[in-house]
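Enquirer: Data: protein_29.txt, compact mmCIF, C-alpha atoms.
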```
# COMPACT_ATOMS: atom_id res chain seq x y z
CA MET C 1 -21.15 -25.96 31.94
CA ASN C 2 -17.39 -26.41 32.45
CA LEU C 3 -15.08 -24.00 30.68
CA LYS C 4 -11.31 -23.56 30.68
CA THR C 5 -9.16 -20.49 30.98
CA SER C 6 -5.52 -19.67 31.59
CA LEU C 7 -3.66 -19.13 34.83
CA SER C 8 -0.56 -17.93 33.07
CA ALA C 9 -2.27 -14.66 32.20
CA ILE C 10 -2.58 -13.86 35.88
CA ALA C 11 1.04 -14.75 36.37
CA ALA C 12 2.04 -12.35 33.63
CA ILE C 13 0.09 -9.53 35.22
CA THR C 14 0.95 -10.10 38.86
CA GLY C 15 4.57 -11.09 38.42
CA LEU C 16 3.95 -14.50 39.95
CA THR C 17 5.54 -17.49 38.32
CA ALA C 18 3.58 -20.46 37.10
CA GLY C 19 5.53 -22.54 39.60
CA SER C 20 4.32 -20.57 42.64
CA VAL C 21 0.80 -20.34 44.02
CA LEU C 22 -0.71 -20.64 40.57
CA ALA C 23 0.71 -24.03 39.70
CA ALA C 24 -2.12 -26.07 41.23
CA ASP C 25 -5.58 -26.55 39.72
CA PHE C 26 -7.78 -23.53 40.29
CA THR C 27 -11.57 -23.34 40.02
CA ILE C 28 -14.00 -20.43 39.80
CA ASP C 29 -17.75 -20.81 40.39
CA THR C 30 -19.77 -18.25 38.47
CA TYR C 31 -23.18 -17.61 36.90
CA GLY C 32 -24.97 -15.83 34.08
CA ASP C 33 -23.20 -13.75 31.47
CA TYR C 34 -19.85 -13.87 33.26
CA GLY C 35 -19.52 -17.48 32.20
CA ASN C 36 -21.70 -17.49 29.10
CA THR C 37 -20.21 -14.45 27.38
CA TYR C 38 -17.40 -12.61 29.13
CA LEU C 39 -15.24 -15.30 30.74
CA GLU C 40 -15.75 -17.65 27.83
CA ALA C 41 -14.15 -15.24 25.38
CA TYR C 42 -11.53 -14.30 27.95
CA SER C 43 -10.69 -17.97 28.60
CA LYS C 44 -10.17 -18.81 24.94
CA ASP C 45 -7.81 -15.89 24.52
CA PHE C 46 -5.80 -16.83 27.60
CA SER C 47 -5.59 -20.49 26.69
CA LYS C 48 -4.37 -19.62 23.22
CA LYS C 49 -1.68 -17.25 24.53
CA HIS C 50 -0.42 -19.21 27.51
CA GLY C 51 -1.44 -22.85 27.16
CA VAL C 52 -2.06 -23.29 30.92
CA GLU C 53 -5.64 -23.90 31.90
CA PHE C 54 -7.84 -23.59 34.92
CA GLU C 55 -11.47 -24.52 35.22
CA PHE C 56 -14.51 -22.44 35.95
CA VAL C 57 -18.05 -23.71 36.38
CA THR C 58 -21.05 -21.71 35.23
CA ASN C 59 -24.64 -22.28 36.36
CA ASN C 60 -27.83 -20.25 36.20
CA TRP C 61 -28.42 -17.84 39.08
CA ASN C 62 -30.55 -20.16 41.22
CA ASP C 63 -28.48 -23.30 40.74
CA HIS C 64 -25.25 -21.44 41.38
CA HIS C 65 -26.37 -19.97 44.70
CA ASN C 66 -28.13 -23.16 45.82
CA LYS C 67 -24.95 -25.12 45.14
CA LEU C 68 -22.85 -22.56 47.00
CA ALA C 69 -25.20 -22.72 50.01
CA THR C 70 -24.72 -26.49 50.14
CA ASN C 71 -20.96 -26.22 49.66
CA LEU C 72 -20.58 -23.71 52.48
CA ALA C 73 -22.81 -25.75 54.79
CA THR C 74 -20.90 -29.00 54.19
CA GLY C 75 -17.46 -27.42 54.02
CA GLU C 76 -16.59 -28.89 50.63
CA GLY C 77 -17.28 -28.59 46.92
CA ALA C 78 -17.00 -24.82 46.46
CA GLY C 79 -14.67 -23.25 43.93
CA ASP C 80 -11.43 -21.59 45.01
CA LEU C 81 -13.08 -18.31 44.07
CA VAL C 82 -16.84 -17.70 43.87
CA PHE C 83 -19.13 -15.04 42.45
CA VAL C 84 -22.00 -14.02 44.73
CA ASP C 85 -25.00 -11.85 43.85
CA THR C 86 -25.74 -8.74 45.90
CA GLY C 87 -28.99 -10.25 47.14
CA MET C 88 -27.17 -13.25 48.60
CA ILE C 89 -23.92 -11.79 49.91
CA GLY C 90 -25.30 -10.84 53.34
CA ASN C 91 -26.62 -14.35 53.92
CA PHE C 92 -23.43 -16.12 52.88
CA VAL C 93 -21.19 -13.76 54.83
CA SER C 94 -23.25 -14.34 57.97
CA GLN C 95 -22.64 -18.09 57.64
CA GLY C 96 -18.94 -17.49 58.19
CA GLY C 97 -17.76 -19.53 55.21
CA PHE C 98 -15.63 -16.84 53.53
CA LEU C 99 -12.12 -15.62 54.24
CA ASP C 100 -11.65 -12.19 55.82
CA LEU C 101 -10.26 -9.98 53.04
CA THR C 102 -10.19 -6.69 54.95
CA ASP C 103 -6.43 -6.17 54.97
CA LYS C 104 -5.96 -7.48 51.45
CA MET C 105 -8.68 -5.19 50.12
CA LYS C 106 -6.93 -2.16 51.61
CA SER C 107 -3.84 -3.12 49.62
CA LEU C 108 -5.78 -3.09 46.33
CA GLY C 109 -5.79 0.67 46.12
CA VAL C 110 -9.12 0.54 44.25
CA ASP C 111 -11.75 3.22 44.77
CA PHE C 112 -14.97 1.22 45.11
CA ALA C 113 -18.43 2.72 45.50
CA ASP C 114 -19.16 3.10 49.23
CA PHE C 115 -22.51 1.37 49.05
CA ALA C 116 -20.97 -1.70 47.40
CA VAL C 117 -18.20 -1.93 49.99
CA SER C 118 -20.82 -1.87 52.72
CA GLN C 119 -22.76 -4.70 51.11
CA GLY C 120 -19.70 -6.97 51.24
CA LYS C 121 -19.11 -6.50 54.97
CA GLY C 122 -20.20 -8.67 57.86
CA ASN C 123 -21.83 -7.52 61.08
CA ASP C 124 -18.33 -7.38 62.53
CA GLY C 125 -17.37 -4.65 60.06
CA ARG C 126 -14.86 -6.88 58.29
CA GLN C 127 -14.76 -7.29 54.49
CA TYR C 128 -15.64 -10.72 53.09
CA GLY C 129 -16.85 -9.87 49.59
CA VAL C 130 -15.11 -7.65 47.02
CA PRO C 131 -17.45 -5.90 44.55
CA VAL C 132 -16.73 -6.73 40.93
CA ASP C 133 -19.75 -5.13 39.28
CA LEU C 134 -22.63 -2.90 40.36
CA GLY C 135 -26.30 -2.74 39.45
CA PRO C 136 -27.35 0.92 39.24
CA GLY C 137 -31.17 0.90 39.16
CA VAL C 138 -32.40 1.96 35.72
CA MET C 139 -35.68 2.38 33.86
CA TYR C 140 -35.45 0.82 30.40
CA TYR C 141 -38.20 2.02 28.10
CA ARG C 142 -39.35 1.51 24.52
CA ARG C 143 -38.71 4.63 22.46
CA ASP C 144 -41.49 3.75 20.03
CA TYR C 145 -43.95 3.88 22.93
CA MET C 146 -42.48 7.07 24.38
CA GLU C 147 -41.00 9.81 22.19
CA ASP C 148 -42.44 8.35 18.99
CA MET C 149 -45.93 8.57 20.49
CA GLY C 150 -45.39 12.12 21.68
CA TYR C 151 -44.86 11.47 25.38
CA ASP C 152 -42.37 13.55 27.34
CA LEU C 153 -39.85 11.35 29.12
CA SER C 154 -39.29 13.62 32.11
CA ALA C 155 -43.04 14.11 32.60
CA VAL C 156 -43.80 10.39 32.45
CA PHE C 157 -41.15 9.49 35.03
CA ARG C 158 -41.69 12.56 37.23
CA ASP C 159 -43.27 10.38 39.94
CA PHE C 160 -45.20 7.15 40.28
CA ASP C 161 -48.55 8.86 39.74
CA SER C 162 -47.42 10.13 36.33
CA TYR C 163 -45.95 6.71 35.59
CA LEU C 164 -49.32 5.09 36.32
CA ASP C 165 -51.11 7.68 34.16
CA TYR C 166 -48.76 6.76 31.31
CA GLY C 167 -49.68 3.11 31.82
CA ARG C 168 -53.37 3.94 31.61
CA GLU C 169 -52.80 5.70 28.29
CA LEU C 170 -50.82 2.75 26.96
CA LYS C 171 -53.59 0.34 27.94
CA LYS C 172 -55.92 2.16 25.55
CA LYS C 173 -53.44 1.17 22.83
CA ASP C 174 -53.24 -2.45 24.07
CA ILE C 175 -49.68 -1.95 25.32
CA LEU C 176 -48.66 -3.10 28.79
CA LEU C 177 -46.81 -0.70 31.07
CA VAL C 178 -44.58 -3.43 32.50
CA GLY C 179 -44.20 -7.19 32.34
CA ASN C 180 -44.91 -7.69 36.04
CA ALA C 181 -46.15 -5.23 38.65
CA SER C 182 -43.95 -6.87 41.28
CA ASP C 183 -40.87 -5.24 39.70
CA VAL C 184 -42.30 -1.82 40.49
CA ALA C 185 -42.94 -2.80 44.11
CA GLN C 186 -39.44 -4.20 44.36
CA ALA C 187 -37.88 -0.96 43.13
CA ILE C 188 -39.75 1.09 45.72
CA ILE C 189 -38.89 -1.34 48.51
CA TYR C 190 -35.21 -1.46 47.58
CA PHE C 191 -34.63 2.18 46.65
CA THR C 192 -36.51 4.21 49.24
CA VAL C 193 -34.80 2.77 52.31
CA GLU C 194 -34.53 5.19 55.22
CA GLU C 195 -30.93 6.24 55.99
CA GLY C 196 -29.22 3.92 58.45
CA ASN C 197 -31.59 1.02 57.83
CA GLY C 198 -31.45 -2.19 55.90
CA ILE C 199 -34.08 -3.19 53.38
CA TYR C 200 -36.07 -5.35 55.78
CA THR C 201 -34.68 -4.52 59.22
CA ASP C 202 -33.32 -1.47 60.97
CA ALA C 203 -29.86 -1.13 62.51
CA LYS C 204 -31.02 -2.99 65.62
CA GLY C 205 -32.51 -5.88 63.66
CA LYS C 206 -36.13 -4.78 64.10
CA SER C 207 -38.44 -5.66 61.23
CA LEU C 208 -39.57 -2.88 58.87
CA ILE C 209 -41.89 -5.03 56.78
CA THR C 210 -45.12 -3.38 57.94
CA SER C 211 -43.77 0.18 57.48
CA GLU C 212 -45.22 2.73 55.07
CA ARG C 213 -42.50 2.00 52.49
CA PHE C 214 -43.80 -1.54 51.99
CA VAL C 215 -47.47 -0.54 52.11
CA ARG C 216 -46.93 2.07 49.38
CA ALA C 217 -44.95 -0.33 47.21
CA PHE C 218 -47.72 -2.92 47.45
CA GLU C 219 -50.44 -0.33 46.77
CA ILE C 220 -48.78 0.90 43.57
CA ALA C 221 -48.18 -2.64 42.32
CA LYS C 222 -51.78 -3.58 43.12
CA THR C 223 -53.05 -0.59 41.15
CA ILE C 224 -51.04 -1.73 38.13
CA ARG C 225 -52.38 -5.28 38.40
CA ASP C 226 -56.00 -4.32 39.15
CA GLU C 227 -56.13 -1.92 36.20
CA GLY C 228 -54.63 -4.42 33.78
CA MET C 229 -51.42 -2.52 33.14
CA ASP C 230 -49.10 -5.52 33.52
CA GLY C 231 -49.01 -8.97 31.96
CA ASN C 232 -48.33 -10.93 35.17
CA ILE C 233 -45.29 -12.27 33.32
CA ALA C 234 -42.65 -13.78 35.59
CA ALA C 235 -39.09 -12.59 35.00
CA TRP C 236 -36.55 -14.96 33.43
CA THR C 237 -39.21 -17.07 31.74
CA ASN C 238 -39.77 -17.68 28.04
CA ASP C 239 -42.87 -15.46 28.15
CA TRP C 240 -40.77 -12.65 29.59
CA TYR C 241 -38.16 -13.02 26.86
CA GLU C 242 -40.90 -13.02 24.22
CA GLY C 243 -42.36 -9.90 25.79
CA PHE C 244 -39.12 -8.06 25.12
CA LYS C 245 -38.82 -9.44 21.61
CA GLN C 246 -42.38 -8.62 20.62
CA GLY C 247 -42.67 -5.26 22.38
CA LYS C 248 -45.49 -6.37 24.67
CA PHE C 249 -44.53 -3.98 27.47
CA ALA C 250 -43.22 -0.44 27.41
CA THR C 251 -40.90 -0.32 30.42
CA GLN C 252 -38.71 -2.51 32.59
CA MET C 253 -37.06 -1.56 35.87
CA SER C 254 -33.80 -3.36 36.44
CA GLY C 255 -30.09 -2.99 37.00
CA ALA C 256 -27.92 -1.47 34.27
CA TRP C 257 -26.71 -5.02 33.56
CA LEU C 258 -30.00 -5.87 31.80
CA LEU C 259 -28.62 -4.04 28.77
CA GLY C 260 -26.10 -6.83 28.26
CA HIS C 261 -28.77 -9.53 28.40
CA LEU C 262 -31.09 -7.68 26.00
CA ASN C 263 -28.32 -7.02 23.54
CA ASN C 264 -26.54 -10.38 23.75
CA TRP C 265 -29.34 -12.92 23.83
CA ILE C 266 -32.83 -11.88 24.99
CA ALA C 267 -33.87 -9.46 22.26
CA PRO C 268 -30.96 -8.40 20.02
CA ASP C 269 -33.35 -7.71 17.13
CA THR C 270 -34.92 -4.85 19.09
CA LYS C 271 -31.73 -2.82 18.75
CA GLY C 272 -32.43 0.91 18.61
CA LYS C 273 -35.91 0.64 20.11
CA TRP C 274 -34.81 1.01 23.73
CA GLY C 275 -33.68 3.89 25.91
CA ALA C 276 -32.54 4.20 29.52
CA ALA C 277 -33.68 6.72 32.12
CA ASN C 278 -33.74 7.44 35.82
CA LEU C 279 -36.42 5.78 37.90
CA PRO C 280 -39.53 7.78 38.90
CA GLU C 281 -39.25 10.33 41.70
CA GLY C 282 -35.47 10.50 41.32
CA ILE C 283 -34.93 7.44 43.48
CA TYR C 284 -31.55 5.73 43.35
CA GLY C 285 -30.51 2.28 44.38
CA SER C 286 -28.61 -0.90 43.65
CA TRP C 287 -30.42 -3.60 41.67
CA GLY C 288 -28.15 -6.60 41.58
CA GLY C 289 -24.42 -6.66 41.12
CA SER C 290 -21.77 -9.24 41.95
CA PHE C 291 -19.09 -9.89 44.54
CA LEU C 292 -15.99 -12.07 44.54
CA ALA C 293 -15.33 -14.10 47.68
CA ILE C 294 -12.89 -16.80 48.71
CA PRO C 295 -14.37 -19.76 50.61
CA LYS C 296 -12.42 -20.90 53.66
CA GLN C 297 -12.32 -24.34 52.03
CA SER C 298 -10.38 -22.94 49.03
CA LYS C 299 -7.26 -24.95 48.31
CA ASN C 300 -5.69 -22.00 46.47
CA PRO C 301 -6.62 -18.79 48.31
CA GLU C 302 -3.49 -17.00 47.06
CA ALA C 303 -4.39 -17.66 43.44
CA ALA C 304 -7.99 -16.68 44.16
CA TRP C 305 -6.81 -13.35 45.53
CA GLU C 306 -4.65 -12.73 42.47
CA MET C 307 -7.73 -13.25 40.32
CA ILE C 308 -9.67 -10.73 42.42
CA LYS C 309 -6.85 -8.24 41.91
CA TYR C 310 -6.96 -8.90 38.18
CA MET C 311 -10.74 -8.71 37.85
CA THR C 312 -10.88 -5.34 39.60
CA THR C 313 -8.22 -3.64 37.46
CA GLU C 314 -9.47 -0.80 35.31
CA GLY C 315 -8.78 -2.69 32.10
CA GLN C 316 -10.77 -5.77 33.03
CA GLN C 317 -13.58 -3.72 34.52
CA ILE C 318 -13.97 -1.83 31.25
CA GLU C 319 -13.77 -5.09 29.30
CA GLY C 320 -16.62 -6.59 31.32
CA PHE C 321 -18.65 -3.43 30.89
CA LYS C 322 -18.30 -3.52 27.12
CA LYS C 323 -18.96 -7.24 26.76
CA ILE C 324 -21.83 -7.85 29.15
CA ALA C 325 -22.76 -4.40 30.55
CA ALA C 326 -21.36 -5.41 33.95
CA PHE C 327 -21.15 -1.92 35.43
CA PRO C 328 -17.67 -1.41 36.96
CA ALA C 329 -17.26 -1.46 40.72
CA ASN C 330 -13.93 0.34 40.25
CA SER C 331 -15.00 3.98 40.08
CA ALA C 332 -11.67 5.02 38.53
CA THR C 333 -13.07 3.67 35.26
CA TYR C 334 -15.79 6.31 35.09
CA ASP C 335 -13.45 8.75 33.38
CA ASP C 336 -12.67 6.25 30.66
CA PRO C 337 -13.55 7.55 27.16
CA SER C 338 -15.76 4.50 26.60
CA PHE C 339 -18.32 5.98 29.00
CA ALA C 340 -19.02 8.72 26.48
CA GLU C 341 -19.45 6.31 23.58
CA PRO C 342 -22.92 5.94 22.08
CA ILE C 343 -24.57 2.56 22.63
CA GLU C 344 -26.04 1.22 19.42
CA PHE C 345 -28.64 -0.96 21.14
CA LEU C 346 -30.00 2.14 22.89
CA ASN C 347 -30.24 4.11 19.64
CA GLY C 348 -26.94 5.87 20.21
CA GLN C 349 -27.70 7.01 23.75
CA LYS C 350 -24.60 7.63 25.89
CA ALA C 351 -26.19 5.66 28.69
CA ARG C 352 -22.99 4.71 30.51
CA MET C 353 -22.75 8.30 31.71
CA LEU C 354 -26.26 7.95 33.13
CA PHE C 355 -25.30 4.69 34.87
CA ALA C 356 -22.24 6.35 36.42
CA ASP C 357 -24.31 9.27 37.67
CA ILE C 358 -26.80 6.90 39.27
CA ALA C 359 -24.02 4.85 40.88
CA SER C 360 -22.52 7.99 42.42
CA LYS C 361 -25.84 8.82 44.12
CA ILE C 362 -26.62 5.45 45.67
CA LYS C 363 -26.52 5.47 49.46
CA PRO C 364 -25.26 2.48 51.47
CA VAL C 365 -27.93 0.09 52.77
CA LEU C 366 -27.15 -2.17 55.69
CA PRO C 367 -26.98 -5.82 54.58
CA GLY C 368 -29.04 -8.20 56.69
CA LYS C 369 -28.34 -11.84 57.40
CA ALA C 370 -31.99 -12.64 56.68
CA ASP C 371 -32.41 -10.53 53.54
CA HIS C 372 -32.78 -13.56 51.28
CA ILE C 373 -35.43 -15.03 53.59
CA ALA C 374 -37.30 -11.73 53.79
CA ASP C 375 -37.12 -11.39 50.01
CA SER C 376 -38.84 -14.75 49.66
CA LEU C 377 -41.50 -13.97 52.26
CA VAL C 378 -42.27 -10.44 51.06
CA ILE C 379 -41.63 -10.32 47.30
CA GLN C 380 -42.32 -13.91 46.32
CA THR C 381 -45.09 -14.76 48.80
CA ALA C 382 -46.87 -11.79 50.39
CA LEU C 383 -46.82 -9.60 47.29
CA GLN C 384 -48.04 -12.43 45.08
CA GLU C 385 -50.88 -13.16 47.50
CA VAL C 386 -51.93 -9.53 47.23
CA LEU C 387 -51.62 -9.33 43.45
CA ASP C 388 -52.95 -12.77 42.53
CA ASN C 389 -55.39 -13.58 45.32
CA GLY C 390 -56.56 -10.20 46.54
CA ARG C 391 -55.28 -10.62 50.09
CA PRO C 392 -55.41 -7.31 52.01
CA ILE C 393 -52.03 -5.58 51.94
CA LYS C 394 -51.53 -4.97 55.65
CA GLU C 395 -52.69 -8.48 56.47
CA ALA C 396 -50.20 -10.00 54.02
CA LEU C 397 -47.35 -7.86 55.36
CA LYS C 398 -48.13 -8.70 58.99
CA ALA C 399 -48.12 -12.40 58.13
CA ALA C 400 -44.77 -12.05 56.35
CA GLU C 401 -43.30 -10.18 59.32
CA LYS C 402 -44.50 -12.86 61.72
CA GLN C 403 -42.88 -15.57 59.62
CA LEU C 404 -39.64 -13.60 59.31
CA LYS C 405 -39.37 -13.21 63.09
CA ARG C 406 -39.91 -16.93 63.49
CA ARG C 407 -37.29 -17.78 60.87
CA MET C 408 -34.77 -15.33 62.30
CA ARG C 409 -34.95 -16.99 65.73
CA SER C 410 -33.70 -20.18 64.13
CA LEU C 411 -30.72 -18.56 62.39
```
Before we go any further, please render this structure as structure tokens.

Expert:
Amino acid sequence: MNLKTSLSAIAAITGLTAGSVLAADFTIDTYGDYGNTYLEAYSKDFSKKHGVEFEFVTNNWNDHHNKLATNLATGEGAGDLVFVDTGMIGNFVSQGGFLDLTDKMKSLGVDFADFAVSQGKGNDGRQYGVPVDLGPGVMYYRRDYMEDMGYDLSAVFRDFDSYLDYGRELKKKDILLVGNASDVAQAIIYFTVEEGNGIYTDAKGKSLITSERFVRAFEIAKTIRDEGMDGNIAAWTNDWYEGFKQGKFATQMSGAWLLGHLNNWIAPDTKGKWGAANLPEGIYGSWGGSFLAIPKQSKNPEAAWEMIKYMTTEGQQIEGFKKIAAFPANSATYDDPSFAEPIEFLNGQKARMLFADIASKIKPVLPGKADHIADSLVIQTALQEVLDNGRPIKEALKAAEKQLKRRMRSL
């Protein structure tokens, strides 16, 4: 989908004239709610006020990142500025297709979360991606299946054993604990990383896939599947959307950003039935989030940088948070009065304060150049073989590790 927005607004903010770096055509490649909700409204307002347009292209998550991979590999076709998901930033940075923004980022004067800054760096310690929103890991839960049924929130989410016991009780009432057990495994894998390590490899590049962290994550997910506590419903499918609308499952682990999707288009009619809480065992981590990067092939890198400056200002960060629940990467926003406002969709809960607390406790995790490959091998392949086909856990993990080592030799 092609949309238009105004360059003159940036000029007004930055002091640049329309006849300087912003005069040429300027394109942004983005995905998801940034294009479908936030930037669309923002573009109409800018076009109306200033009458000078630039183009941005919005695709779904997969198409956007697949297109970007091709553009970087061929050296052409990418936007002047691109959005990149947390799960893909390490891979794209390692390809060397982005401009080094280290010195420019220092000039921003923005206090970003340390873990997000780390995610946007390359192995050389230089900064190639600038965080624009974060994904504090959150447990969304149905209030009608929790407090209204007499369950104590803190007791249910005390640890994963109590979480599973809650699921067993729900099953007696024909309510699923979660849409897909793989989400639970993913949370444990992502959020219990040992200090100094990456998700899939340690600081020296050695694989961690057969470690206890992965075994435990697989075991808990397998228990959920074997005992019929999940619906084996794949995320981002029509069945998943219907599950939210119809209240088929009681909980969903995700980034804080899921609030925007639920409220804006997945299940707006369930307003007031949801709450947000910390994940079991007090684990903290980043689930998603977005970066802004400038491809080396950009024809307007100066204009792209001005947009990065604009998008990371406190005002725009708060605007994105309100419109699409894109949690601000600029931590100076956390004192904004809007953080204490009740959220109607969450039955008046002041959840933004919870999100900020979680974000402040997330520890940096080393990005790996093969994270996207490992994700595919472990989450999409090995875990599914265990859950769907009964393959022994350690056997599946060893096979995934073997494939990862083979793939990494070719990188």

Enquirer: Counting all atoms listed in the file, figure out which residue out of C:Phe345, C:Phe355, C:Phe191, C:Trp240 gets nearest to Tyr284 (chain C).

Expert: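 Comparing C:Phe345, C:Phe355, C:Phe191, C:Trp240 against Tyr284 (chain C), the winner is C:Phe191.
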
Enquirer: I'd like the contact shell of region 102-109 of chain C - 12 Å cut-off, all atoms listed in the file, skipping same-chain residues fewer than 2 positions apart - returned as an MDAnalysis selection string.

Expert: chainID C and resid 98:100 111:112 117:118 120:122 124:131 292:294 301:302 304:314 330:332

Enquirer: For the atom pair CA of Ile188 (chain C) and CA of Lys204 (chain C), what is the interatomic distance in Å to one decimal place?

Expert: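 A separation of 22.1 Å between them.
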
Enquirer: Could you check which of C:Trp236, C:Ile199, C:Asp174, C:Gly75 is closest to Leu258 (chain C), using only C-alpha atoms?

Expert: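 Selected residue with least distance to Leu258 (chain C): C:Trp236.
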
Enquirer: Please list as a PyMOL selection string every residue within 9 Å of Asp33 (chain C), counting all atoms listed in the file and excluding residues in the same chain fewer than 4 positions away.

Expert: chain C and resi 37-39+260-261+324+326

Enquirer: Find the spatial neighbours of Arg225 (chain C), counting all atoms listed in the file, within a cut-off of 8 Å - ignore same-chain residues fewer than 4 positions away - and output them as a PDB file with C-alpha atoms, in the coordinates of the input.

Expert:
```pdb
ATOM      1  CA  ALA C 181     -46.150  -5.230  38.650  1.00  0.00           C
ATOM      2  CA  ALA C 221     -48.180  -2.640  42.320  1.00  0.00           C
ATOM      3  CA  MET C 229     -51.420  -2.520  33.140  1.00  0.00           C
ATOM      4  CA  ASP C 230     -49.100  -5.520  33.520  1.00  0.00           C
ATOM      5  CA  ASN C 232     -48.330 -10.930  35.170  1.00  0.00           C
ATOM      6  CA  LEU C 387     -51.620  -9.330  43.450  1.00  0.00           C
TER       7      LEU C 387
END
```

Enquirer: Under the rule that all atoms listed in the file are counted, which of C:Leu279, C:Leu259, C:Met139, C:Leu170 is the nearest residue to Tyr151 (chain C)?

Expert: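 Closest candidate: C:Leu170.
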
Enquirer: Any idea what the distance is between CA of Trp287 (chain C) and CA of Leu134 (chain C)?

Expert: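 Pair CA of Trp287 (chain C) / CA of Leu134 (chain C) returns 7.9 Å.
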
Enquirer: Rounded to one decimal in Å, what is the spacing between CA of Arg352 (chain C) and CA of Ile379 (chain C)?

Expert: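 Atom-to-atom, CA of Arg352 (chain C) to CA of Ile379 (chain C), that is 29.2 Å.
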
Enquirer: Any idea what's packed within 8 Å of Ala382 (chain C), counting all atoms listed in the file, ignoring anything in its chain fewer than 5 positions away? Could you give it as a ChimeraX atom specification?

Expert: /C:377,396-397,399-400

Enquirer: Looking at all atoms listed in the file, which of C:Phe214, C:Phe249, C:Tyr141, C:Phe92 is the one that sits closest to Ala276 (chain C)?

Expert: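 Between C:Phe214, C:Phe249, C:Tyr141, C:Phe92, the residue approaching Ala276 (chain C) most closely is C:Tyr141.
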
Enquirer: Would you pick out the contacts of Glu195 (chain C) at 12 Å or less, using all atoms listed in the file, so that residues sharing its chain but fewer than 6 positions from it are not included, and give the list as a list in words?

Expert: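 Once the adjacent positions are removed, what remains is Phe115, Thr201, Asp202, Ala203, Ile362, Lys363, Pro364, Val365 and Leu366 of chain C.
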
Enquirer: Identify which of the residues C:Arg409, C:Ala267, C:Gly150, C:Glu395 lies closest to Ile209 (chain C), counting only C-alpha atoms when measuring atom-to-atom distances.

Expert: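 Closest to Ile209 (chain C) of all the choices is C:Glu395.
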
Enquirer: If I put a ball of radius 9 Å at (-22.3, -20.3, 38.7) in the file's coordinates, which residues poke into it when counting all atoms listed in the file, written as number ranges by chain?

Expert: C: 1, 28-32, 34-35, 56-65, 67-68, 82-84

Enquirer: With all atoms listed in the file counted, which protein, DNA or RNA residues have an atom no more than 12 Å from (-39.8, 3.5, 24.3) in the file frame? Please answer as an MDAnalysis selection string.

Expert: chainID C and resid 139:153 156 166 170 175:178 244 247:252 270:277 346:347

Enquirer: Restricting the calculation to all atoms listed in the file: of C:Ser360, C:Asn278, C:Thr27, C:Thr74, which residue gets closest to Ala187 (chain C)?

Expert: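 Smallest distance to Ala187 (chain C) is found for C:Asn278.
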